[in-house]
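Structure data follow from input-v6.txt (compact mmCIF, C-alpha atoms and all ligand atoms):
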# COMPACT_ATOMS: atom_id res chain seq x y z
CA MET A 1261 -6.33 -7.78 -0.75
CA SER A 1262 -7.69 -5.09 1.52
CA THR A 1263 -6.80 -5.36 5.17
CA ILE A 1264 -9.48 -5.21 7.79
CA ASN A 1265 -8.92 -4.42 11.43
CA PHE A 1266 -12.08 -5.08 13.39
CA ALA A 1267 -10.64 -4.03 16.71
CA ASN A 1268 -9.83 -0.55 15.46
CA ARG A 1269 -12.72 -0.91 13.05
CA GLU A 1270 -10.65 -0.06 10.00
CA ILE A 1271 -10.70 -1.19 6.40
CA ASN A 1272 -7.71 -0.43 4.20
CA PHE A 1273 -7.42 -0.57 0.44
CA LYS A 1274 -4.28 -0.41 -1.66
CA ILE A 1275 -4.34 1.53 -4.93
CA VAL A 1276 -1.24 1.50 -7.12
CA TYR A 1277 -0.30 4.03 -9.81
CA TYR A 1278 1.52 2.12 -12.54
CA GLY A 1279 3.02 3.23 -15.86
CA PRO A 1280 6.27 4.07 -17.64
CA GLY A 1281 8.94 6.31 -16.13
CA LEU A 1282 8.12 10.04 -16.15
CA SER A 1283 4.47 9.55 -17.18
CA GLY A 1284 3.34 11.59 -14.16
CA LYS A 1285 2.55 9.07 -11.39
CA THR A 1286 4.30 10.98 -8.64
CA THR A 1287 2.72 14.21 -9.92
CA ASN A 1288 -0.73 12.62 -9.45
CA LEU A 1289 0.03 11.69 -5.86
CA ARG A 1290 1.43 15.13 -5.08
CA TRP A 1291 -1.72 16.73 -6.43
CA VAL A 1292 -3.90 14.52 -4.26
CA TYR A 1293 -1.70 15.32 -1.28
CA GLN A 1294 -1.96 19.07 -1.89
CA THR A 1295 -5.70 19.01 -2.43
CA VAL A 1296 -7.10 16.66 0.21
CA PRO A 1297 -7.82 18.48 3.50
CA GLU A 1298 -5.28 18.09 6.29
CA GLU A 1299 -7.47 15.91 8.53
CA ARG A 1300 -8.11 13.43 5.74
CA LYS A 1301 -4.54 12.57 4.83
CA GLY A 1302 -1.41 11.17 6.42
CA GLU A 1303 2.17 11.93 5.58
CA MET A 1304 3.43 11.44 2.05
CA VAL A 1305 6.50 9.24 1.93
CA SER A 1306 8.70 9.39 -1.18
CA LEU A 1307 11.64 7.09 -1.72
CA ALA A 1308 13.33 8.92 -4.54
CA THR A 1309 16.79 9.52 -5.95
CA GLU A 1310 18.44 12.93 -5.71
CA ASP A 1311 17.02 13.96 -9.06
CA GLU A 1312 13.49 13.13 -7.85
CA ARG A 1313 13.09 9.90 -9.76
CA THR A 1314 11.06 7.39 -7.80
CA LEU A 1315 13.44 4.74 -6.49
CA PHE A 1316 11.15 2.42 -4.63
CA PHE A 1317 7.73 4.00 -4.15
CA ASP A 1318 5.70 7.02 -3.08
CA PHE A 1319 3.07 6.45 -0.45
CA LEU A 1320 0.08 8.50 0.69
CA PRO A 1321 -2.71 7.36 3.03
CA VAL A 1322 -6.09 9.12 2.64
CA ASP A 1323 -9.12 8.67 4.87
CA LEU A 1324 -12.49 8.24 3.27
CA GLY A 1325 -14.20 8.54 6.63
CA GLU A 1326 -16.45 6.20 8.60
CA VAL A 1327 -18.53 3.78 6.62
CA LYS A 1328 -20.96 1.68 8.65
CA GLY A 1329 -18.76 2.19 11.68
CA PHE A 1330 -15.55 1.29 9.84
CA LYS A 1331 -12.82 3.85 9.31
CA THR A 1332 -12.13 3.38 5.62
CA ARG A 1333 -8.77 4.30 4.22
CA PHE A 1334 -7.02 4.20 0.87
CA HIS A 1335 -3.29 3.67 0.68
CA LEU A 1336 -2.02 5.19 -2.55
CA TYR A 1337 1.30 4.00 -3.98
CA THR A 1338 3.30 4.81 -7.09
CA VAL A 1339 5.86 2.44 -8.58
CA PRO A 1340 9.20 3.45 -10.09
CA GLY A 1341 8.62 3.45 -13.84
CA GLN A 1342 12.13 2.97 -15.14
CA VAL A 1343 12.62 -0.43 -16.73
CA PHE A 1344 15.54 -1.48 -14.51
CA TYR A 1345 13.54 -1.06 -11.31
CA ASN A 1346 11.32 -4.04 -11.99
CA ALA A 1347 12.27 -5.87 -8.82
CA SER A 1348 10.91 -2.98 -6.71
CA ARG A 1349 7.88 -2.58 -8.93
CA LYS A 1350 6.86 -6.16 -8.36
CA LEU A 1351 7.08 -5.76 -4.59
CA ILE A 1352 4.69 -2.81 -4.59
CA LEU A 1353 2.03 -4.86 -6.36
CA ARG A 1354 1.76 -7.20 -3.43
CA GLY A 1355 -1.78 -7.00 -2.07
CA VAL A 1356 -2.95 -4.47 -4.68
CA ASP A 1357 -6.71 -3.78 -4.77
CA GLY A 1358 -6.89 -1.37 -7.70
CA ILE A 1359 -4.65 0.15 -10.37
CA VAL A 1360 -4.48 3.55 -12.09
CA PHE A 1361 -2.37 3.09 -15.20
CA VAL A 1362 -0.78 6.43 -16.09
CA ALA A 1363 0.13 6.58 -19.77
CA ASP A 1364 2.31 9.32 -21.29
CA SER A 1365 0.92 11.21 -24.33
CA ALA A 1366 4.35 12.21 -25.64
CA SER A 1367 4.90 10.92 -29.17
CA ASN A 1368 8.18 9.21 -28.25
CA ARG A 1369 6.63 7.29 -25.32
CA LEU A 1370 4.15 5.12 -27.20
CA ARG A 1371 6.34 2.05 -26.96
CA ALA A 1372 7.16 2.77 -23.29
CA ASN A 1373 3.43 2.78 -22.52
CA ALA A 1374 2.95 -0.55 -24.26
CA GLU A 1375 5.96 -2.12 -22.54
CA SER A 1376 4.83 -0.93 -19.14
CA MET A 1377 1.40 -2.48 -19.64
CA ARG A 1378 2.97 -5.76 -20.67
CA ASN A 1379 5.26 -5.59 -17.66
CA LEU A 1380 2.24 -5.00 -15.40
CA ARG A 1381 0.52 -8.12 -16.71
CA GLU A 1382 3.67 -10.18 -16.24
CA ASN A 1383 4.24 -8.94 -12.71
CA LEU A 1384 0.63 -9.59 -11.72
CA ALA A 1385 0.89 -13.07 -13.17
CA GLU A 1386 3.77 -13.80 -10.80
CA TYR A 1387 1.34 -13.25 -7.93
CA GLY A 1388 -1.20 -15.43 -9.68
CA LEU A 1389 -3.28 -12.34 -10.50
CA SER A 1390 -4.58 -10.83 -13.70
CA LEU A 1391 -6.45 -7.73 -14.85
CA GLU A 1392 -9.57 -9.89 -14.83
CA HIS A 1393 -9.42 -9.76 -11.03
CA ILE A 1394 -7.98 -6.36 -10.26
CA PRO A 1395 -9.97 -3.24 -11.19
CA MET A 1396 -7.95 -0.91 -13.40
CA VAL A 1397 -8.57 2.47 -15.02
CA LEU A 1398 -6.42 4.28 -17.58
CA GLN A 1399 -5.24 7.85 -17.27
CA ILE A 1400 -3.85 9.34 -20.47
CA ASN A 1401 -1.67 12.07 -19.05
CA LYS A 1402 0.16 15.09 -20.46
CA ARG A 1403 -2.65 16.04 -22.80
CA ASP A 1404 -1.18 19.56 -22.82
CA LEU A 1405 1.92 18.50 -24.77
CA PRO A 1406 2.11 20.05 -28.24
CA ASP A 1407 3.06 16.64 -29.67
CA ALA A 1408 0.43 14.69 -27.70
CA LEU A 1409 -0.64 11.59 -29.60
CA PRO A 1410 -4.34 10.96 -30.20
CA VAL A 1411 -5.93 9.07 -27.29
CA ASP A 1412 -7.08 6.29 -29.62
CA MET A 1413 -3.56 5.65 -30.76
CA ILE A 1414 -2.35 5.25 -27.18
CA ARG A 1415 -5.29 3.12 -26.28
CA ALA A 1416 -4.63 0.84 -29.22
CA VAL A 1417 -1.33 -0.24 -27.67
CA ILE A 1418 -2.33 -0.51 -24.01
CA ASP A 1419 -5.97 -1.56 -24.25
CA PRO A 1420 -6.71 -2.75 -27.79
CA GLU A 1421 -10.04 -4.28 -26.76
CA GLY A 1422 -11.20 -1.07 -25.11
CA LYS A 1423 -11.98 -2.84 -21.85
CA PHE A 1424 -10.88 -0.24 -19.33
CA PRO A 1425 -12.34 3.15 -18.41
CA ILE A 1426 -10.21 5.96 -19.80
CA PHE A 1427 -9.54 9.48 -18.51
CA GLU A 1428 -7.57 12.30 -20.10
CA ALA A 1429 -5.39 14.34 -17.79
CA VAL A 1430 -2.92 17.12 -17.25
CA ALA A 1431 -1.67 16.04 -13.86
CA THR A 1432 0.56 19.08 -13.36
CA LYS A 1433 -2.61 21.22 -13.47
CA GLY A 1434 -4.69 18.73 -11.49
CA LYS A 1435 -6.91 18.06 -14.51
CA GLY A 1436 -8.18 14.48 -14.62
CA VAL A 1437 -6.44 13.49 -11.38
CA PHE A 1438 -9.41 12.80 -9.10
CA GLU A 1439 -11.74 11.26 -11.71
CA PRO A 1440 -9.70 8.09 -12.30
CA LEU A 1441 -8.92 7.75 -8.60
CA LYS A 1442 -12.58 7.98 -7.70
CA ASP A 1443 -13.57 5.59 -10.44
CA VAL A 1444 -11.07 2.91 -9.47
CA SER A 1445 -12.00 3.29 -5.80
CA ARG A 1446 -15.64 2.69 -6.68
CA ARG A 1447 -14.71 -0.40 -8.65
CA VAL A 1448 -12.62 -1.72 -5.79
CA LEU A 1449 -15.54 -1.32 -3.40
CA SER A 1450 -18.10 -2.89 -5.70
CA LYS A 1451 -15.76 -5.75 -6.49
CA LEU A 1452 -15.50 -6.49 -2.79
CA ALA A 1453 -19.25 -6.14 -2.23
CA GLU A 1454 -19.81 -8.62 -5.05
CA HIS A 1455 -18.22 -11.34 -3.00
CA THR A 1456 -20.59 -11.04 -0.05
CA MET B 2 -9.90 -9.45 -4.13
CA ILE B 3 -9.01 -13.07 -4.14
CA GLU B 4 -6.20 -13.29 -1.68
CA PRO B 5 -6.86 -14.30 1.88
CA THR B 6 -6.21 -11.59 4.43
CA VAL B 7 -5.53 -11.35 8.16
CA ALA B 8 -8.58 -10.01 9.99
CA LEU B 9 -7.80 -9.64 13.65
CA TYR B 10 -10.80 -9.08 15.83
CA GLY B 11 -12.49 -10.12 19.01
CA ASP B 12 -10.58 -12.66 21.01
CA ALA B 13 -7.74 -12.97 18.51
CA PHE B 14 -7.16 -9.24 18.56
CA ASN B 15 -7.20 -9.13 22.35
CA ARG B 16 -4.71 -11.95 22.56
CA ALA B 17 -2.40 -10.26 20.06
CA ALA B 18 -2.69 -6.96 21.91
CA ALA B 19 -1.89 -8.67 25.21
CA ILE B 20 1.23 -10.20 23.69
CA LEU B 21 2.38 -6.78 22.49
CA GLU B 22 1.62 -5.36 25.91
CA ASP B 23 3.75 -8.03 27.64
CA LEU B 24 6.47 -7.54 25.07
CA ILE B 25 6.70 -3.85 25.89
CA ASP B 26 7.05 -4.61 29.60
CA GLN B 27 9.49 -7.48 29.25
CA ALA B 28 11.71 -6.16 26.50
CA GLN B 29 11.45 -2.55 27.67
CA VAL B 30 10.71 -1.17 24.21
CA ARG B 31 8.86 2.01 23.29
CA TYR B 32 6.50 0.69 20.64
CA ALA B 33 5.50 -2.73 19.38
CA LEU B 34 3.56 -3.15 16.14
CA LEU B 35 2.11 -6.13 14.37
CA VAL B 36 1.95 -5.28 10.66
CA ASP B 37 0.97 -7.27 7.64
CA ARG B 38 3.37 -7.64 4.75
CA LYS B 39 1.24 -5.40 2.60
CA GLY B 40 2.17 -2.53 4.90
CA PHE B 41 -0.91 -2.17 7.11
CA VAL B 42 -0.92 -1.94 10.90
CA LEU B 43 -2.88 -4.81 12.50
CA ALA B 44 -2.26 -3.95 16.15
CA HIS B 45 0.06 -1.73 18.11
CA ARG B 46 0.94 -0.88 21.70
CA GLU B 47 3.05 1.87 23.27
CA ALA B 48 4.93 2.04 26.54
CA LEU B 49 3.29 4.46 28.96
CA TRP B 50 6.51 6.43 29.22
CA ALA B 51 7.06 6.70 25.47
CA PRO B 52 6.47 9.93 23.57
CA ARG B 53 3.80 9.98 20.88
CA PRO B 54 5.01 7.73 18.04
CA PRO B 55 5.65 8.97 14.50
CA ALA B 56 3.09 8.09 11.78
CA LEU B 57 2.41 4.37 12.19
CA ASP B 58 1.17 4.05 8.61
CA SER B 59 4.50 5.25 7.33
CA ILE B 60 6.41 2.90 9.63
CA ALA B 61 4.34 -0.09 8.54
CA THR B 62 4.70 0.72 4.85
CA LEU B 63 8.45 1.22 5.02
CA VAL B 64 9.05 -1.87 7.17
CA ALA B 65 6.96 -4.02 4.84
CA GLY B 66 8.77 -2.58 1.80
CA ASN B 67 12.09 -3.20 3.45
CA ALA B 68 11.18 -6.76 4.39
CA ALA B 69 10.02 -7.45 0.84
CA ALA B 70 13.27 -6.06 -0.57
CA THR B 71 15.31 -8.13 1.91
CA GLN B 72 13.43 -11.25 0.90
CA ALA B 73 14.05 -10.53 -2.77
CA LEU B 74 17.77 -10.17 -1.99
CA ALA B 75 17.77 -13.50 -0.18
CA ASN B 76 16.12 -15.12 -3.19
CA LEU B 77 18.75 -13.67 -5.49
CA LEU B 78 21.48 -15.21 -3.35
CA GLY B 79 19.70 -18.53 -3.20
CA GLU B 80 18.85 -18.21 0.49
CA PRO B 81 15.32 -19.16 1.60
CA LYS B 82 15.33 -16.06 3.81
CA PHE B 83 17.38 -13.65 5.88
CA ASN B 84 16.44 -13.60 9.52
CA GLU B 85 15.66 -10.51 11.59
CA LEU B 86 16.58 -6.97 10.82
CA VAL B 87 18.07 -4.44 13.20
CA LYS B 88 18.58 -0.75 12.57
CA GLN B 89 20.46 1.14 15.23
CA GLY B 90 20.64 4.89 15.54
CA GLU B 91 22.18 7.09 18.18
CA LYS B 92 19.11 7.19 20.42
CA GLN B 93 16.69 4.64 19.03
CA GLY B 94 16.77 1.33 17.30
CA LEU B 95 14.29 -0.64 15.26
CA TYR B 96 14.02 -4.40 15.24
CA VAL B 97 11.88 -6.46 12.87
CA GLU B 98 11.14 -10.12 13.38
CA ASP B 99 9.37 -12.31 10.83
CA VAL B 100 6.19 -13.69 12.36
CA ASN B 101 5.17 -15.69 9.30
CA ASP B 102 4.57 -15.20 5.59
CA LEU B 103 1.73 -12.79 6.30
CA THR B 104 2.93 -10.63 9.16
CA LEU B 105 5.91 -8.92 10.81
CA LEU B 106 6.62 -7.78 14.35
CA VAL B 107 8.19 -4.34 14.68
CA MET B 108 9.79 -3.05 17.88
CA ILE B 109 11.21 0.41 18.44
CA PHE B 110 13.49 0.81 21.44
CA ASP B 111 15.91 3.18 23.12
CA THR B 112 19.55 2.33 22.55
CA ASP B 113 20.14 1.91 26.29
CA THR B 114 17.84 -1.12 26.17
CA PRO B 115 20.07 -4.17 25.54
CA ILE B 116 19.48 -5.48 22.02
CA GLY B 117 19.81 -9.06 23.27
CA ARG B 118 16.77 -8.52 25.41
CA VAL B 119 14.81 -6.99 22.55
CA LYS B 120 15.62 -9.96 20.34
CA LEU B 121 14.94 -12.58 22.98
CA PHE B 122 11.46 -11.33 23.84
CA GLY B 123 10.80 -10.35 20.23
CA LYS B 124 11.35 -13.91 19.05
CA LYS B 125 9.18 -15.29 21.82
CA ALA B 126 6.34 -12.89 20.99
CA ALA B 127 6.67 -13.63 17.27
CA GLY B 128 6.21 -17.33 17.99
CA GLU B 129 2.99 -16.64 19.86
CA LEU B 130 1.71 -14.19 17.24
CA ASP B 131 2.33 -16.72 14.50
CA GLU B 132 -0.43 -18.99 15.70
CA ILE B 133 -2.89 -16.15 16.33
CA THR B 134 -2.42 -14.49 12.94
CA ARG B 135 -2.67 -17.81 11.10
CA GLY B 136 -5.92 -18.44 12.87
CA ALA B 137 -7.22 -15.03 11.80
CA VAL B 138 -6.87 -15.53 8.05
CA VAL B 139 -10.15 -15.05 6.23
CA MET B 140 -11.27 -14.96 2.63
CA PRO B 141 -12.47 -11.60 1.27
CA ARG B 142 -16.09 -12.67 1.09
CA GLU B 143 -16.10 -13.20 4.84
CA LEU B 144 -15.19 -9.58 5.50
CA GLY B 145 -18.74 -8.33 5.70
CA ILE B 146 -18.43 -5.70 3.00
CA ASP B 147 -21.93 -5.67 1.65
CA LYS B 148 -24.00 -3.58 -0.71
CA GLU B 149 -24.91 -1.15 2.03
CA PHE B 150 -21.26 -0.54 2.87
CA HIS B 151 -20.51 -0.05 -0.78
CA GLU B 152 -23.30 2.47 -1.27
CA SER B 153 -22.38 4.64 1.68
CA ALA B 154 -18.72 4.53 0.73
CA ASP B 155 -19.66 5.54 -2.77
CA ALA B 156 -21.35 8.71 -1.62
CA MET B 157 -18.36 9.59 0.51
CA LEU B 158 -15.99 9.21 -2.43
CA ASP B 159 -17.70 12.19 -4.08
CA ASP B 160 -17.07 14.17 -0.97
CA LEU B 161 -13.39 13.25 -0.68
CA PHE B 162 -12.33 13.18 -4.32
CA GLY B 163 -14.78 15.73 -5.74
CA ASN B 164 -17.79 15.35 -7.99
N1 LIG A 1501 3.49 18.73 -19.71
C1 LIG A 1501 3.17 17.92 -18.70
N2 LIG A 1501 4.13 17.47 -17.88
C2 LIG A 1501 3.78 16.65 -16.86
C3 LIG A 1501 2.42 16.28 -16.64
N3 LIG A 1501 2.38 15.45 -15.56
C4 LIG A 1501 3.66 15.33 -15.14
N4 LIG A 1501 4.51 16.04 -15.91
C5 LIG A 1501 5.96 16.18 -15.77
O1 LIG A 1501 6.59 14.96 -16.12
C6 LIG A 1501 7.76 14.76 -15.34
C7 LIG A 1501 7.72 13.41 -14.64
O2 LIG A 1501 6.65 13.39 -13.70
P1 LIG A 1501 6.64 12.35 -12.49
O3 LIG A 1501 5.35 12.56 -11.78
O4 LIG A 1501 7.89 12.45 -11.70
O5 LIG A 1501 6.63 10.98 -13.30
P2 LIG A 1501 6.68 9.48 -12.73
O6 LIG A 1501 8.02 8.95 -13.12
O7 LIG A 1501 5.58 8.79 -13.45
O8 LIG A 1501 6.47 9.51 -11.25
C8 LIG A 1501 7.81 15.91 -14.36
O9 LIG A 1501 8.71 16.88 -14.85
C9 LIG A 1501 6.39 16.45 -14.35
O10 LIG A 1501 6.32 17.81 -14.04
C10 LIG A 1501 1.42 16.80 -17.53
O11 LIG A 1501 0.21 16.54 -17.41
N5 LIG A 1501 1.85 17.60 -18.54
MG MG A 1502 7.65 8.77 -9.73
Written form, structure tokens:
Amino acid sequence: MSTINFANREINFKIVYYGPGLSGKTTNLRWVYQTVPEERKGEMVSLATEDERTLFFDFLPVDLGEVKGFKTRFHLYTVPGQVFYNASRKLILRGVDGIVFVADSASNRLRANAESMRNLRENLAEYGLSLEHIPMVLQINKRDLPDALPVDMIRAVIDPEGKFPIFEAVATKGKGVFEPLKDVSRRVLSKLAEHT
Amino acid sequence: MIEPTVALYGDAFNRAAAILEDLIDQAQVRYALLVDRKGFVLAHREALWAPRPPALDSIATLVAGNAAATQALANLLGEPKFNELVKQGEKQGLYVEDVNDLTLLVMIFDTDTPIGRVKLFGKKAAGELDEITRGAVVMPRELGIDKEFHESADAMLDDLFGN
């Protein structure tokens, strides 16, 4: 759940990038960090191993600006994708407001995408949450790979009912990075407005 | 959007801020922060003599992550929880006290401040903050995020994240 601070007149939202290891979650956050103007972002914190694999999380705060007198801010997190880091992954989901699921287009990662989505559902369930409550969008990344699988094939294993908005991306080139982030942010805001 | 959240404002915020203020005087620490366990800063105060603090967002996020990891470790060992957390460096130390299941109290101090003093006043402040933060829990629908808020925010998203 978003955190509101009336005294400082701030509203904070937490957006989490989820997906299998090496699908490009950290690359997304780096692109956002490089592109958003200085005065609209905080420091990027990365808890990574020596070989740059995310160990615990990456974190980047970005300021939307003042909305109706409230400083509105998004806290962007990535989770570590590797299967054995599930304990850390679960912790990052605490208080999540929206999810960007980053799928990998590589032909040998189809199963990893499916397993990561199942793992996401299981971890949310432990908090008593489900994808019925938390807005989620799908980013199909690495579309530039020569062996990229068709989008429909990937979708069939992570979203067989076609319920979630889908975006194609090449995160290393910044293609399709902002669209899913903007879309999920919108959904988070409208979800919250719905309740009032 | 279904979890309750701590919304500190008005009188509750002022009381929390006053507790942090007293804590800084009594314990002689540089900074005192009340953060929620999701990693957001709820209130913070600085000693007048202290240099500008590092990014508070980053502190809150890392402390909350650390506390969550510590709790998970306790669970693995069959302990209900591990109390307090102290990190001591050459010049500065960091002390975290559980306030309750929603919030944490973070104090950053110079190493020439006795740790016993930091802990003593930290625990006292945490006890007082417990009641205040519990009283400030609201459900999302009470947050006052309405259609108008949503529409203005929407327009600003285009500006920040491109069209
Ligand atoms: N070809 C290609 N490689 C990518 C793309 N996005 C990320 N990568 C690479 O995939 C690797 C893993 O990316 P990273 O962001 O660390 O993945 P994470 O584990 O999901 O955080 C890195 O070598 C990236 O440069 C993409 O769109 N296309
Ligand atoms: Mg990563």
Selection as a VMD selection string: residues within 7 Å of ligand MG 1502 (chain A) by all atoms listed in the file: chain A and resid 1281 to 1282 1284 to 1286 1313 to 1314 1338 to 1341
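Straight-line separation from CA of Arg31 in chain B to CA of Leu130 in chain B: 18.7 Å.
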Residues of chain B within 9 Å of chain A, all atoms listed in the file counted, as a PyMOL selection string: chain B and resi 2-11+14-15+37-39+41-44+56+58-59+62-63+66+69-70+73+141-155+157-164
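In this structure, CA of Asn1346 in chain A sits 22.0 Å away from CA of Ala61 in chain B.
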Wanna dump the chain A-ligand LIG 1501 (chain A) contacts at 10 Å for me, each residue with its shortest atom pair and the distance in Å to one decimal, counting only C-alpha atoms and all ligand atoms, ordered by chain and number, as a tab-separated table?
residue	atom	partner	partner_atom	distance
A:Tyr1277	CA	A:LIG1501	O7	8.4
A:Tyr1278	CA	A:LIG1501	O7	7.9
A:Gly1279	CA	A:LIG1501	O7	6.6
A:Pro1280	CA	A:LIG1501	O7	6.3
A:Gly1281	CA	A:LIG1501	O6	4.1
A:Leu1282	CA	A:LIG1501	O6	3.2
A:Ser1283	CA	A:LIG1501	O7	4.0
A:Gly1284	CA	A:LIG1501	O3	3.3
A:Lys1285	CA	A:LIG1501	O7	3.7
A:Thr1286	CA	A:LIG1501	O3	3.7
A:Thr1287	CA	A:LIG1501	O3	3.6
A:Asn1288	CA	A:LIG1501	O3	6.5
A:Leu1289	CA	A:LIG1501	O3	8.0
A:Arg1290	CA	A:LIG1501	O3	8.2
A:Trp1291	CA	A:LIG1501	O3	9.8
A:Ala1308	CA	A:LIG1501	O8	9.6
A:Asp1311	CA	A:LIG1501	O4	9.6
A:Glu1312	CA	A:LIG1501	O4	6.8
A:Arg1313	CA	A:LIG1501	O4	6.1
A:Thr1314	CA	A:LIG1501	O8	6.1
A:Leu1315	CA	A:LIG1501	O6	9.5
A:Phe1317	CA	A:LIG1501	O8	9.1
A:Asp1318	CA	A:LIG1501	O8	8.6
A:Thr1338	CA	A:LIG1501	O8	7.0
A:Val1339	CA	A:LIG1501	O8	7.6
A:Pro1340	CA	A:LIG1501	O6	6.4
A:Gly1341	CA	A:LIG1501	O6	5.6
A:Gln1342	CA	A:LIG1501	O6	7.5
A:Phe1361	CA	A:LIG1501	O7	9.9
A:Val1362	CA	A:LIG1501	O7	7.3
A:Ala1363	CA	A:LIG1501	O7	8.6
A:Asp1364	CA	A:LIG1501	C3	8.4
A:Ser1365	CA	A:LIG1501	N5	8.7
A:Ala1366	CA	A:LIG1501	N1	8.9
A:Ile1400	CA	A:LIG1501	O11	8.8
A:Asn1401	CA	A:LIG1501	O11	5.1
A:Lys1402	CA	A:LIG1501	O11	3.4
A:Arg1403	CA	A:LIG1501	O11	6.1
A:Asp1404	CA	A:LIG1501	N5	5.6
A:Leu1405	CA	A:LIG1501	N1	5.3
A:Pro1406	CA	A:LIG1501	N1	8.7
A:Ala1408	CA	A:LIG1501	N1	9.5
A:Glu1428	CA	A:LIG1501	O11	9.3
A:Ala1429	CA	A:LIG1501	O11	6.0
A:Val1430	CA	A:LIG1501	O11	3.2
A:Ala1431	CA	A:LIG1501	O11	4.0
A:Thr1432	CA	A:LIG1501	N3	4.6
A:Lys1433	CA	A:LIG1501	O11	6.7
A:Gly1434	CA	A:LIG1501	O11	8.0
A:Lys1435	CA	A:LIG1501	O11	7.8
A:Gly1436	CA	A:LIG1501	O11	9.1
A:Val1437	CA	A:LIG1501	O11	9.5
Neighbour list for range 47-53 of chain B as JSON, numbers by chain, cut-off 9 Å, all atoms listed in the file, skip fewer than 2 positions in-chain: {"B": [21, 22, 25, 26, 29, 30, 31, 32, 33, 34, 45, 55]}
Of the listed residues A:Ala1374, A:Leu1384, A:Leu1391, A:Met1396, that which approaches Pro1420 in chain A most closely, counting only C-alpha atoms: A:Ala1374
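Of the residues listed (B:Pro115, B:Asp102, B:Gly128, B:Gly40), B:Asp102 shows the shortest atom-to-atom separation from Gln72 in chain B; distances use only C-alpha atoms.
The space separating CA of Ser1367 in chain A from CA of Ile1275 in chain A comes to 27.6 Å.
Among the candidate residues B:Leu103, B:Ala17, B:Pro81, B:Glu98, the one lying nearest to Leu121 in chain B is B:Glu98, with distances computed using all atoms listed in the file.
Comparing the minimum interatomic distances between Val1360 in chain A and each of A:Val1276, A:Asp1412, A:Thr1309, A:Ala1372, counting all atoms listed in the file, we find that A:Val1276 sits nearest.
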Quick one: 6 Å padding each side, axis-aligned, all listed atoms of range 13-24 of chain B - centre and edge lengths in Å to one decimal, as JSON?
{"center_x": -0.6, "center_y": -9.2, "center_z": 23.1, "size_x": 26.2, "size_y": 19.6, "size_z": 21.1}
